[in-house]
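Trainee: I'm passing along my_file.pdb; it holds PDB, C-alpha atoms.
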```
MODEL        1
ATOM      1  CA  MET X  16       0.000   0.000   0.000  1.00  0.00           C
ATOM      2  CA  LYS X  17       2.845   2.365   0.889  1.00  0.00           C
ATOM      3  CA  GLN X  18       4.437   1.708  -2.507  1.00  0.00           C
ATOM      4  CA  ILE X  19       1.182   2.615  -4.291  1.00  0.00           C
ATOM      5  CA  ILE X  20       0.891   5.864  -2.314  1.00  0.00           C
ATOM      6  CA  LEU X  21       4.512   6.764  -3.050  1.00  0.00           C
ATOM      7  CA  ALA X  22       3.995   6.022  -6.749  1.00  0.00           C
ATOM      8  CA  LEU X  23       0.937   8.272  -6.853  1.00  0.00           C
ATOM      9  CA  ILE X  24       2.829  11.088  -5.134  1.00  0.00           C
ATOM     10  CA  LEU X  25       5.724  10.711  -7.584  1.00  0.00           C
ATOM     11  CA  PHE X  26       3.368  10.703 -10.569  1.00  0.00           C
ATOM     12  CA  SER X  27       1.638  13.850  -9.300  1.00  0.00           C
ATOM     13  CA  SER X  28       4.984  15.579  -8.804  1.00  0.00           C
ATOM     14  CA  ILE X  29       6.109  14.727 -12.326  1.00  0.00           C
ATOM     15  CA  THR X  30       2.825  15.937 -13.793  1.00  0.00           C
ATOM     16  CA  LEU X  31       3.074  19.256 -11.974  1.00  0.00           C
ATOM     17  CA  ALA X  32       6.720  19.704 -12.879  1.00  0.00           C
ATOM     18  CA  GLU X  33       5.902  19.203 -16.544  1.00  0.00           C
ATOM     19  CA  GLY X  34       3.191  21.869 -16.392  1.00  0.00           C
ATOM     20  CA  GLN X  35       0.391  19.424 -17.240  1.00  0.00           C
ATOM     21  CA  ASN X  36      -1.858  20.544 -14.386  1.00  0.00           C
ATOM     22  CA  ASN X  37      -5.215  21.961 -15.388  1.00  0.00           C
ATOM     23  CA  TYR X  38      -5.422  25.604 -14.390  1.00  0.00           C
ATOM     24  CA  ALA X  39      -6.481  28.974 -15.705  1.00  0.00           C
ATOM     25  CA  LEU X  40      -4.633  32.193 -14.978  1.00  0.00           C
ATOM     26  CA  LEU X  41      -7.126  34.925 -14.113  1.00  0.00           C
ATOM     27  CA  VAL X  42      -5.772  38.454 -14.746  1.00  0.00           C
ATOM     28  CA  ILE X  43      -8.076  40.935 -13.029  1.00  0.00           C
ATOM     29  CA  ASP X  44      -8.472  44.621 -13.928  1.00  0.00           C
ATOM     30  CA  VAL X  45      -4.903  45.459 -14.950  1.00  0.00           C
ATOM     31  CA  GLN X  46      -6.276  48.526 -16.697  1.00  0.00           C
ATOM     32  CA  ASN X  47      -4.960  51.960 -17.589  1.00  0.00           C
ATOM     33  CA  PHE X  48      -7.057  53.846 -15.047  1.00  0.00           C
ATOM     34  CA  TYR X  49      -4.879  52.296 -12.308  1.00  0.00           C
ATOM     35  CA  PHE X  50      -1.600  53.518 -13.852  1.00  0.00           C
ATOM     36  CA  PRO X  51       0.079  56.952 -13.659  1.00  0.00           C
ATOM     37  CA  GLY X  52      -2.183  59.574 -15.184  1.00  0.00           C
ATOM     38  CA  GLY X  53      -5.260  57.409 -14.690  1.00  0.00           C
ATOM     39  CA  ARG X  54      -8.207  58.447 -12.561  1.00  0.00           C
ATOM     40  CA  SER X  55      -7.557  55.812  -9.847  1.00  0.00           C
ATOM     41  CA  GLU X  56      -3.770  55.476  -9.578  1.00  0.00           C
ATOM     42  CA  LEU X  57      -2.431  52.637  -7.460  1.00  0.00           C
ATOM     43  CA  VAL X  58       0.941  52.230  -5.762  1.00  0.00           C
ATOM     44  CA  GLU X  59       3.531  50.750  -8.167  1.00  0.00           C
ATOM     45  CA  PRO X  60       1.082  49.259 -10.668  1.00  0.00           C
ATOM     46  CA  GLU X  61       3.878  48.756 -13.206  1.00  0.00           C
ATOM     47  CA  LYS X  62       5.777  46.501 -10.811  1.00  0.00           C
ATOM     48  CA  ALA X  63       2.733  44.299 -10.194  1.00  0.00           C
ATOM     49  CA  ALA X  64       1.902  44.240 -13.901  1.00  0.00           C
ATOM     50  CA  GLU X  65       5.430  43.092 -14.789  1.00  0.00           C
ATOM     51  CA  LYS X  66       5.045  40.173 -12.371  1.00  0.00           C
ATOM     52  CA  ALA X  67       1.653  39.372 -13.869  1.00  0.00           C
ATOM     53  CA  ALA X  68       3.273  39.414 -17.320  1.00  0.00           C
ATOM     54  CA  LEU X  69       5.750  36.750 -16.169  1.00  0.00           C
ATOM     55  CA  ALA X  70       2.882  34.570 -14.994  1.00  0.00           C
ATOM     56  CA  ILE X  71       1.054  35.111 -18.276  1.00  0.00           C
ATOM     57  CA  ARG X  72       4.123  34.124 -20.266  1.00  0.00           C
ATOM     58  CA  GLN X  73       4.538  30.966 -18.202  1.00  0.00           C
ATOM     59  CA  ALA X  74       0.886  29.993 -18.662  1.00  0.00           C
ATOM     60  CA  ARG X  75       1.111  30.526 -22.415  1.00  0.00           C
ATOM     61  CA  GLU X  76       4.355  28.581 -22.741  1.00  0.00           C
ATOM     62  CA  THR X  77       2.766  25.595 -20.993  1.00  0.00           C
ATOM     63  CA  ASP X  78      -0.498  25.798 -22.977  1.00  0.00           C
ATOM     64  CA  ASN X  79      -2.637  26.768 -20.022  1.00  0.00           C
ATOM     65  CA  THR X  80      -5.583  29.130 -20.253  1.00  0.00           C
ATOM     66  CA  VAL X  81      -5.243  32.879 -19.652  1.00  0.00           C
ATOM     67  CA  ILE X  82      -8.468  34.756 -18.871  1.00  0.00           C
ATOM     68  CA  TYR X  83      -8.738  38.529 -18.552  1.00  0.00           C
ATOM     69  CA  ILE X  84     -11.245  40.453 -16.467  1.00  0.00           C
ATOM     70  CA  GLN X  85     -11.906  44.046 -17.462  1.00  0.00           C
ATOM     71  CA  HIS X  86     -13.937  46.417 -15.297  1.00  0.00           C
ATOM     72  CA  LYS X  87     -16.334  48.585 -17.280  1.00  0.00           C
ATOM     73  CA  SER X  88     -15.366  52.256 -17.102  1.00  0.00           C
ATOM     74  CA  VAL X  89     -15.973  55.526 -18.929  1.00  0.00           C
ATOM     75  CA  SER X  90     -12.217  56.167 -19.176  1.00  0.00           C
ATOM     76  CA  GLY X  91      -8.967  54.211 -18.904  1.00  0.00           C
ATOM     77  CA  MET X  92     -10.771  50.932 -19.425  1.00  0.00           C
ATOM     78  CA  GLU X  93      -8.106  49.492 -21.739  1.00  0.00           C
ATOM     79  CA  ILE X  94      -6.050  46.565 -20.482  1.00  0.00           C
ATOM     80  CA  ASN X  95      -2.531  47.847 -19.905  1.00  0.00           C
ATOM     81  CA  ASP X  96       0.040  47.008 -22.570  1.00  0.00           C
ATOM     82  CA  ILE X  97       2.304  45.271 -20.048  1.00  0.00           C
ATOM     83  CA  VAL X  98      -0.202  42.417 -19.861  1.00  0.00           C
ATOM     84  CA  ARG X  99      -1.727  42.750 -23.331  1.00  0.00           C
ATOM     85  CA  PRO X 100      -4.017  39.826 -24.227  1.00  0.00           C
ATOM     86  CA  ALA X 101      -2.967  37.568 -27.079  1.00  0.00           C
ATOM     87  CA  THR X 102      -5.308  36.933 -29.974  1.00  0.00           C
ATOM     88  CA  GLY X 103      -8.061  34.571 -28.906  1.00  0.00           C
ATOM     89  CA  GLU X 104      -7.608  34.928 -25.151  1.00  0.00           C
ATOM     90  CA  LYS X 105     -10.934  35.383 -23.415  1.00  0.00           C
ATOM     91  CA  ILE X 106     -11.878  38.765 -21.912  1.00  0.00           C
ATOM     92  CA  PHE X 107     -14.857  39.170 -19.586  1.00  0.00           C
ATOM     93  CA  VAL X 108     -16.184  42.667 -18.915  1.00  0.00           C
ATOM     94  CA  LYS X 109     -17.719  43.132 -15.471  1.00  0.00           C
ATOM     95  CA  GLU X 110     -19.645  45.841 -13.689  1.00  0.00           C
ATOM     96  CA  GLU X 111     -19.384  44.383 -10.185  1.00  0.00           C
ATOM     97  CA  VAL X 112     -16.470  43.828  -7.798  1.00  0.00           C
ATOM     98  CA  ASN X 113     -16.880  40.051  -8.076  1.00  0.00           C
ATOM     99  CA  SER X 114     -15.602  38.804 -11.452  1.00  0.00           C
ATOM    100  CA  PHE X 115     -18.144  35.992 -11.484  1.00  0.00           C
ATOM    101  CA  LEU X 116     -21.246  38.190 -11.221  1.00  0.00           C
ATOM    102  CA  GLY X 117     -23.028  38.697 -14.521  1.00  0.00           C
ATOM    103  CA  THR X 118     -20.065  37.709 -16.698  1.00  0.00           C
ATOM    104  CA  GLY X 119     -20.369  34.035 -17.613  1.00  0.00           C
ATOM    105  CA  LEU X 120     -16.902  33.436 -16.150  1.00  0.00           C
ATOM    106  CA  LYS X 121     -17.872  30.341 -14.173  1.00  0.00           C
ATOM    107  CA  GLN X 122     -19.596  28.742 -17.125  1.00  0.00           C
ATOM    108  CA  TYR X 123     -16.541  29.341 -19.304  1.00  0.00           C
ATOM    109  CA  ILE X 124     -14.159  27.887 -16.702  1.00  0.00           C
ATOM    110  CA  ASP X 125     -16.369  24.849 -16.208  1.00  0.00           C
ATOM    111  CA  SER X 126     -16.652  24.298 -19.974  1.00  0.00           C
ATOM    112  CA  LEU X 127     -12.875  23.822 -20.008  1.00  0.00           C
ATOM    113  CA  ALA X 128     -12.981  21.404 -17.057  1.00  0.00           C
ATOM    114  CA  ILE X 129     -10.616  23.664 -15.108  1.00  0.00           C
ATOM    115  CA  ASP X 130     -10.283  22.950 -11.412  1.00  0.00           C
ATOM    116  CA  THR X 131      -7.607  25.455 -10.352  1.00  0.00           C
ATOM    117  CA  LEU X 132      -7.552  29.238 -10.671  1.00  0.00           C
ATOM    118  CA  VAL X 133      -4.310  31.179 -10.412  1.00  0.00           C
ATOM    119  CA  ILE X 134      -5.241  34.787  -9.667  1.00  0.00           C
ATOM    120  CA  CYS X 135      -3.495  38.145  -9.962  1.00  0.00           C
ATOM    121  CA  GLY X 136      -4.434  41.761 -10.600  1.00  0.00           C
ATOM    122  CA  MET X 137      -5.823  44.943  -9.118  1.00  0.00           C
ATOM    123  CA  GLN X 138      -6.917  45.979  -6.484  1.00  0.00           C
ATOM    124  CA  THR X 139      -5.842  43.452  -3.859  1.00  0.00           C
ATOM    125  CA  GLN X 140      -8.577  44.146  -1.314  1.00  0.00           C
ATOM    126  CA  MET X 141     -11.351  44.696  -3.847  1.00  0.00           C
ATOM    127  CA  CYS X 142     -11.732  42.764  -7.101  1.00  0.00           C
ATOM    128  CA  VAL X 143      -8.849  40.359  -6.443  1.00  0.00           C
ATOM    129  CA  GLU X 144     -10.136  39.498  -2.972  1.00  0.00           C
ATOM    130  CA  ALA X 145     -13.689  39.054  -4.267  1.00  0.00           C
ATOM    131  CA  ALA X 146     -12.512  36.679  -6.981  1.00  0.00           C
ATOM    132  CA  VAL X 147     -10.459  34.594  -4.553  1.00  0.00           C
ATOM    133  CA  ARG X 148     -13.357  34.233  -2.127  1.00  0.00           C
ATOM    134  CA  ALA X 149     -15.878  33.457  -4.875  1.00  0.00           C
ATOM    135  CA  ALA X 150     -13.573  30.945  -6.560  1.00  0.00           C
ATOM    136  CA  HIS X 151     -13.068  29.181  -3.238  1.00  0.00           C
ATOM    137  CA  ASP X 152     -16.812  29.123  -2.586  1.00  0.00           C
ATOM    138  CA  TYR X 153     -17.392  27.599  -6.027  1.00  0.00           C
ATOM    139  CA  GLY X 154     -15.007  24.775  -5.135  1.00  0.00           C
ATOM    140  CA  TYR X 155     -11.973  25.684  -7.235  1.00  0.00           C
ATOM    141  CA  SER X 156      -8.464  25.347  -5.892  1.00  0.00           C
ATOM    142  CA  VAL X 157      -7.058  28.879  -5.637  1.00  0.00           C
ATOM    143  CA  ILE X 158      -3.506  30.182  -5.965  1.00  0.00           C
ATOM    144  CA  LEU X 159      -3.017  33.912  -5.406  1.00  0.00           C
ATOM    145  CA  LEU X 160       0.163  35.486  -6.812  1.00  0.00           C
ATOM    146  CA  HIS X 161       0.745  38.172  -4.198  1.00  0.00           C
ATOM    147  CA  ASP X 162       3.474  40.154  -5.947  1.00  0.00           C
ATOM    148  CA  ALA X 163       1.395  40.381  -9.126  1.00  0.00           C
ATOM    149  CA  CYS X 164      -1.230  42.412  -7.249  1.00  0.00           C
ATOM    150  CA  THR X 165      -1.291  45.926  -5.835  1.00  0.00           C
ATOM    151  CA  THR X 166      -3.559  48.534  -4.289  1.00  0.00           C
ATOM    152  CA  ARG X 167      -3.681  52.108  -2.959  1.00  0.00           C
ATOM    153  CA  ASN X 168      -3.345  54.011   0.297  1.00  0.00           C
ATOM    154  CA  LEU X 169      -6.647  54.142   2.164  1.00  0.00           C
ATOM    155  CA  LYS X 170      -8.173  56.197   4.939  1.00  0.00           C
ATOM    156  CA  PHE X 171     -10.647  55.187   7.642  1.00  0.00           C
ATOM    157  CA  GLY X 172     -11.790  58.052   9.798  1.00  0.00           C
ATOM    158  CA  GLU X 173      -8.597  59.866  10.724  1.00  0.00           C
ATOM    159  CA  ARG X 174      -6.433  56.814  10.222  1.00  0.00           C
ATOM    160  CA  GLU X 175      -4.187  56.587   7.139  1.00  0.00           C
ATOM    161  CA  ILE X 176      -3.507  53.044   5.957  1.00  0.00           C
ATOM    162  CA  THR X 177      -0.634  52.498   3.566  1.00  0.00           C
ATOM    163  CA  ALA X 178      -1.074  50.408   0.438  1.00  0.00           C
ATOM    164  CA  ALA X 179       1.522  47.987   1.798  1.00  0.00           C
ATOM    165  CA  ASP X 180      -0.546  47.435   4.938  1.00  0.00           C
ATOM    166  CA  VAL X 181      -3.797  47.093   3.002  1.00  0.00           C
ATOM    167  CA  HIS X 182      -2.112  44.573   0.710  1.00  0.00           C
ATOM    168  CA  ALA X 183      -0.530  42.579   3.557  1.00  0.00           C
ATOM    169  CA  SER X 184      -3.651  42.421   5.709  1.00  0.00           C
ATOM    170  CA  THR X 185      -5.735  41.243   2.756  1.00  0.00           C
ATOM    171  CA  LEU X 186      -3.197  38.544   1.903  1.00  0.00           C
ATOM    172  CA  ALA X 187      -3.122  37.422   5.537  1.00  0.00           C
ATOM    173  CA  THR X 188      -6.885  36.878   5.376  1.00  0.00           C
ATOM    174  CA  LEU X 189      -6.880  35.213   1.977  1.00  0.00           C
ATOM    175  CA  LYS X 190      -4.487  32.498   3.179  1.00  0.00           C
ATOM    176  CA  SER X 191      -7.656  30.835   4.486  1.00  0.00           C
ATOM    177  CA  TYR X 192      -9.071  30.645   0.953  1.00  0.00           C
ATOM    178  CA  GLY X 193      -6.121  29.382  -1.045  1.00  0.00           C
ATOM    179  CA  THR X 194      -2.359  29.328  -1.474  1.00  0.00           C
ATOM    180  CA  VAL X 195      -0.718  32.764  -1.383  1.00  0.00           C
ATOM    181  CA  ILE X 196       2.618  32.644  -3.185  1.00  0.00           C
ATOM    182  CA  SER X 197       4.969  34.804  -5.263  1.00  0.00           C
ATOM    183  CA  VAL X 198       5.193  34.445  -9.032  1.00  0.00           C
ATOM    184  CA  ALA X 199       8.732  33.041  -8.778  1.00  0.00           C
ATOM    185  CA  GLU X 200       7.683  30.471  -6.159  1.00  0.00           C
ATOM    186  CA  TRP X 201       4.665  29.436  -8.224  1.00  0.00           C
ATOM    187  CA  VAL X 202       6.678  29.026 -11.421  1.00  0.00           C
ATOM    188  CA  GLY X 203       9.363  27.055  -9.595  1.00  0.00           C
ATOM    189  CA  LYS X 204       7.005  24.720  -7.747  1.00  0.00           C
ATOM    190  CA  VAL X 205       4.372  24.160 -10.397  1.00  0.00           C
ATOM    191  CA  HIS X 206       6.437  24.281 -13.574  1.00  0.00           C
ATOM    192  CA  GLY X 207       9.798  23.144 -12.279  1.00  0.00           C
ATOM    193  CA  THR X 208      11.552  26.221 -13.670  1.00  0.00           C
ATOM    194  CA  VAL X 209      12.732  29.588 -12.442  1.00  0.00           C
ATOM    195  CA  ASN X 210      11.708  33.062 -13.558  1.00  0.00           C
ATOM    196  CA  ARG X 211      13.807  34.320 -16.408  1.00  0.00           C
TER     197      ARG X 211
ENDMDL
END
```
Just give me the structure as structure tokens.
Mentor:
Amino acid sequence: MKQIILALILFSSITLAEGQNNYALLVIDVQNFYFPGGRSELVEPEKAAEKAALAIRQARETDNTVIYIQHKSVSGMEINDIVRPATGEKIFVKEEVNSFLGTGLKQYIDSLAIDTLVICGMQTQMCVEAAVRAAHDYGYSVILLHDACTTRNLKFGEREITAADVHASTLATLKSYGTVISVAEWVGKVHGTVNR
């Protein structure tokens, strides 16, 4: 029995290392209105977008699905060039914080028999958090790429809360809903490679 269990573990490890796992990379709201000059600038959106771009490249190179979420807006709605969608990659436009509401996202994911969602994007404590919680509630395995997300400084009453603290506190909570990991750690563990 022990030999069977060990063989199954080894087979699973090989499958993951070869990038044959069945996941979709969900890129949420990496849009121009969050970048310098936009109406809702975040803290270091370029840095987070560059990390997201690495994850996108890895997903494409291993023939996994990349899905974009785009929040409807009167200005700056375009997906930023750093994470530009490739021809044929699915884009869902939403009007709610939760990417699953009114978009057909779940139906699309299920049509591909995907069981794991790897999530990144903007803002950490808003649309990213909502997607992680919803994905978990729908029964998907969730991996959140923490350095491919960002947010803004907030204020509650007289208290100023830095973007770093907003980001960290949200990630601390979301550990209960999935695996929170960096892009480099995810690429290394899942694909058996290192970021280039």
Trainee: Do you know which residues the PyMOL selection byres ((chain X and resi 140) around 8) returns on this file, as a count of residues only?
Mentor: 11
Trainee: Using all atoms listed in the file, find the one residue out of X:Leu120, X:Ala70, X:Val81, X:Ile158 that sits nearest to X:Phe107.
Mentor: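 Of X:Leu120, X:Ala70, X:Val81, X:Ile158, the one nearest X:Phe107 is X:Leu120, counting all atoms listed in the file.
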Trainee: Hey, what comes out of the PyMOL selection byres ((chain X and resi 50-64) around 8) on this file? Could you write it as a list in words?
Mentor: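 Going through the file, the PyMOL selection byres ((chain X and resi 50-64) around 8) ends up selecting Val45, Gln46, Asn47, Phe48, Tyr49, Glu65, Lys66, Ala67, Ala68, Gly91, Ile97, Val98, Gly136, Asp162, Ala163, Cys164, Thr165, Thr166, Arg167, Asn168 and Ala178 of chain X.
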Trainee: Evaluate the PyMOL selection byres ((chain X and resi 71) around 12) against this structure - the residues, as a PyMOL selection string, please.
Mentor: chain X and resi 39-42+64-70+72-83+97-101+104+133-136+160+163+198+202+210
Trainee: Pick the closest to X:Ser197 from X:Lys121, X:Lys170, X:Lys109, X:His161: which is it, counting all atoms listed in the file?
Mentor: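 Answer, going by the shortest atom-to-atom distance: X:His161.
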Trainee: One number please: atom CA of X:Ile196 to atom CA of X:Lys87, in Å, one decimal.
Mentor: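 Atom CA of X:Lys87 lies at a distance of 28.5 Å from atom CA of X:Ile196.
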Trainee: So, with only C-alpha atoms as the atoms that count, which of X:Ser184, X:Gly119, X:Leu189, X:Arg174 lies closest to X:His151?
Mentor: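 For X:His151, the nearest of the candidates is X:Leu189.
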Trainee: Work out how far apart atom CA of X:Asn37 and atom CA of X:Val157 are and give it in Å to one decimal.
Mentor: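 According to the coordinates, atom CA of X:Asn37 and atom CA of X:Val157 are separated by 12.1 Å.
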Trainee: Could you tell me which of X:Ile43, X:Ala179, X:Val147, X:Leu169 comes closest to X:Ser191 if we count only C-alpha atoms?
Mentor: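 Nearest candidate to X:Ser191 out of X:Ile43, X:Ala179, X:Val147, X:Leu169: X:Val147.
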Trainee: Within 10 Å of (-8.3, 26.7, -5.1) in the file's own coordinates, which protein, DNA or RNA residues have an atom, counting all atoms listed in the file? List them as number ranges by chain.
Mentor: X: 38, 130-134, 147-148, 150-159, 192-194
Trainee: Would you mind telling me which residue in X:Asp44, X:Ile124, X:Lys105, X:Met137 lies nearest to X:His86 when using only C-alpha atoms?
Mentor: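 Going through X:Asp44, X:Ile124, X:Lys105, X:Met137 one by one, the smallest distance to X:His86 is for X:Asp44.
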Trainee: One number please: atom CA of X:Val108 to atom CA of X:Leu186, in Å, one decimal.
Mentor: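 Going from atom CA of X:Val108 over to atom CA of X:Leu186 covers 24.9 Å.
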Trainee: Supply stretch 176-201 of chain X as a PDB file, in the frame of the given file, with N, CA and C atoms built in where the input has gaps.
Mentor:
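And here's rebuild.pdb as it stands now:
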```pdb
ATOM      1  N   ILE X 176      -3.971  54.424   6.094  1.00  0.00           N
ATOM      2  CA  ILE X 176      -3.507  53.044   5.957  1.00  0.00           C
ATOM      3  C   ILE X 176      -2.721  52.940   4.657  1.00  0.00           C
ATOM      4  N   THR X 177      -1.467  52.565   4.766  1.00  0.00           N
ATOM      5  CA  THR X 177      -0.634  52.498   3.566  1.00  0.00           C
ATOM      6  C   THR X 177      -1.067  51.343   2.666  1.00  0.00           C
ATOM      7  N   ALA X 178      -0.774  51.476   1.393  1.00  0.00           N
ATOM      8  CA  ALA X 178      -1.074  50.408   0.438  1.00  0.00           C
ATOM      9  C   ALA X 178      -0.406  49.102   0.853  1.00  0.00           C
ATOM     10  N   ALA X 179       0.801  49.195   1.370  1.00  0.00           N
ATOM     11  CA  ALA X 179       1.522  47.987   1.798  1.00  0.00           C
ATOM     12  C   ALA X 179       0.771  47.269   2.910  1.00  0.00           C
ATOM     13  N   ASP X 180       0.210  48.046   3.843  1.00  0.00           N
ATOM     14  CA  ASP X 180      -0.546  47.435   4.938  1.00  0.00           C
ATOM     15  C   ASP X 180      -1.889  46.882   4.469  1.00  0.00           C
ATOM     16  N   VAL X 181      -2.539  47.592   3.574  1.00  0.00           N
ATOM     17  CA  VAL X 181      -3.797  47.093   3.002  1.00  0.00           C
ATOM     18  C   VAL X 181      -3.539  45.769   2.287  1.00  0.00           C
ATOM     19  N   HIS X 182      -2.497  45.760   1.470  1.00  0.00           N
ATOM     20  CA  HIS X 182      -2.112  44.573   0.710  1.00  0.00           C
ATOM     21  C   HIS X 182      -1.811  43.406   1.649  1.00  0.00           C
ATOM     22  N   ALA X 183      -0.959  43.648   2.650  1.00  0.00           N
ATOM     23  CA  ALA X 183      -0.530  42.579   3.557  1.00  0.00           C
ATOM     24  C   ALA X 183      -1.684  42.030   4.390  1.00  0.00           C
ATOM     25  N   SER X 184      -2.543  42.903   4.881  1.00  0.00           N
ATOM     26  CA  SER X 184      -3.651  42.421   5.709  1.00  0.00           C
ATOM     27  C   SER X 184      -4.645  41.605   4.880  1.00  0.00           C
ATOM     28  N   THR X 185      -4.847  42.006   3.634  1.00  0.00           N
ATOM     29  CA  THR X 185      -5.735  41.243   2.756  1.00  0.00           C
ATOM     30  C   THR X 185      -5.144  39.864   2.468  1.00  0.00           C
ATOM     31  N   LEU X 186      -3.854  39.823   2.172  1.00  0.00           N
ATOM     32  CA  LEU X 186      -3.197  38.544   1.903  1.00  0.00           C
ATOM     33  C   LEU X 186      -3.246  37.634   3.121  1.00  0.00           C
ATOM     34  N   ALA X 187      -3.082  38.216   4.313  1.00  0.00           N
ATOM     35  CA  ALA X 187      -3.122  37.422   5.537  1.00  0.00           C
ATOM     36  C   ALA X 187      -4.477  36.746   5.697  1.00  0.00           C
ATOM     37  N   THR X 188      -5.532  37.442   5.315  1.00  0.00           N
ATOM     38  CA  THR X 188      -6.885  36.878   5.376  1.00  0.00           C
ATOM     39  C   THR X 188      -7.090  35.822   4.300  1.00  0.00           C
ATOM     40  N   LEU X 189      -6.621  36.103   3.102  1.00  0.00           N
ATOM     41  CA  LEU X 189      -6.880  35.213   1.977  1.00  0.00           C
ATOM     42  C   LEU X 189      -6.121  33.895   2.050  1.00  0.00           C
ATOM     43  N   LYS X 190      -5.164  33.781   2.967  1.00  0.00           N
ATOM     44  CA  LYS X 190      -4.487  32.498   3.179  1.00  0.00           C
ATOM     45  C   LYS X 190      -5.477  31.405   3.568  1.00  0.00           C
ATOM     46  N   SER X 191      -6.630  31.811   4.105  1.00  0.00           N
ATOM     47  CA  SER X 191      -7.656  30.835   4.486  1.00  0.00           C
ATOM     48  C   SER X 191      -8.454  30.334   3.290  1.00  0.00           C
ATOM     49  N   TYR X 192      -8.289  30.985   2.139  1.00  0.00           N
ATOM     50  CA  TYR X 192      -9.071  30.645   0.953  1.00  0.00           C
ATOM     51  C   TYR X 192      -8.263  29.994  -0.160  1.00  0.00           C
ATOM     52  N   GLY X 193      -6.955  29.991  -0.011  1.00  0.00           N
ATOM     53  CA  GLY X 193      -6.121  29.382  -1.045  1.00  0.00           C
ATOM     54  C   GLY X 193      -4.650  29.538  -0.697  1.00  0.00           C
ATOM     55  N   THR X 194      -3.801  29.204  -1.640  1.00  0.00           N
ATOM     56  CA  THR X 194      -2.359  29.328  -1.474  1.00  0.00           C
ATOM     57  C   THR X 194      -1.928  30.714  -1.925  1.00  0.00           C
ATOM     58  N   VAL X 195      -1.229  31.430  -1.056  1.00  0.00           N
ATOM     59  CA  VAL X 195      -0.718  32.764  -1.383  1.00  0.00           C
ATOM     60  C   VAL X 195       0.788  32.622  -1.593  1.00  0.00           C
ATOM     61  N   ILE X 196       1.243  32.957  -2.797  1.00  0.00           N
ATOM     62  CA  ILE X 196       2.618  32.644  -3.185  1.00  0.00           C
ATOM     63  C   ILE X 196       3.104  33.701  -4.177  1.00  0.00           C
ATOM     64  N   SER X 197       4.420  33.867  -4.280  1.00  0.00           N
ATOM     65  CA  SER X 197       4.969  34.804  -5.263  1.00  0.00           C
ATOM     66  C   SER X 197       4.974  34.157  -6.645  1.00  0.00           C
ATOM     67  N   VAL X 198       5.122  34.970  -7.669  1.00  0.00           N
ATOM     68  CA  VAL X 198       5.193  34.445  -9.032  1.00  0.00           C
ATOM     69  C   VAL X 198       6.383  33.496  -9.174  1.00  0.00           C
ATOM     70  N   ALA X 199       7.545  33.888  -8.656  1.00  0.00           N
ATOM     71  CA  ALA X 199       8.732  33.041  -8.778  1.00  0.00           C
ATOM     72  C   ALA X 199       8.537  31.703  -8.081  1.00  0.00           C
ATOM     73  N   GLU X 200       7.932  31.719  -6.891  1.00  0.00           N
ATOM     74  CA  GLU X 200       7.683  30.471  -6.159  1.00  0.00           C
ATOM     75  C   GLU X 200       6.699  29.589  -6.923  1.00  0.00           C
ATOM     76  N   TRP X 201       5.676  30.199  -7.472  1.00  0.00           N
ATOM     77  CA  TRP X 201       4.665  29.436  -8.224  1.00  0.00           C
ATOM     78  C   TRP X 201       5.283  28.801  -9.467  1.00  0.00           C
TER      79      TRP X 201
END
```
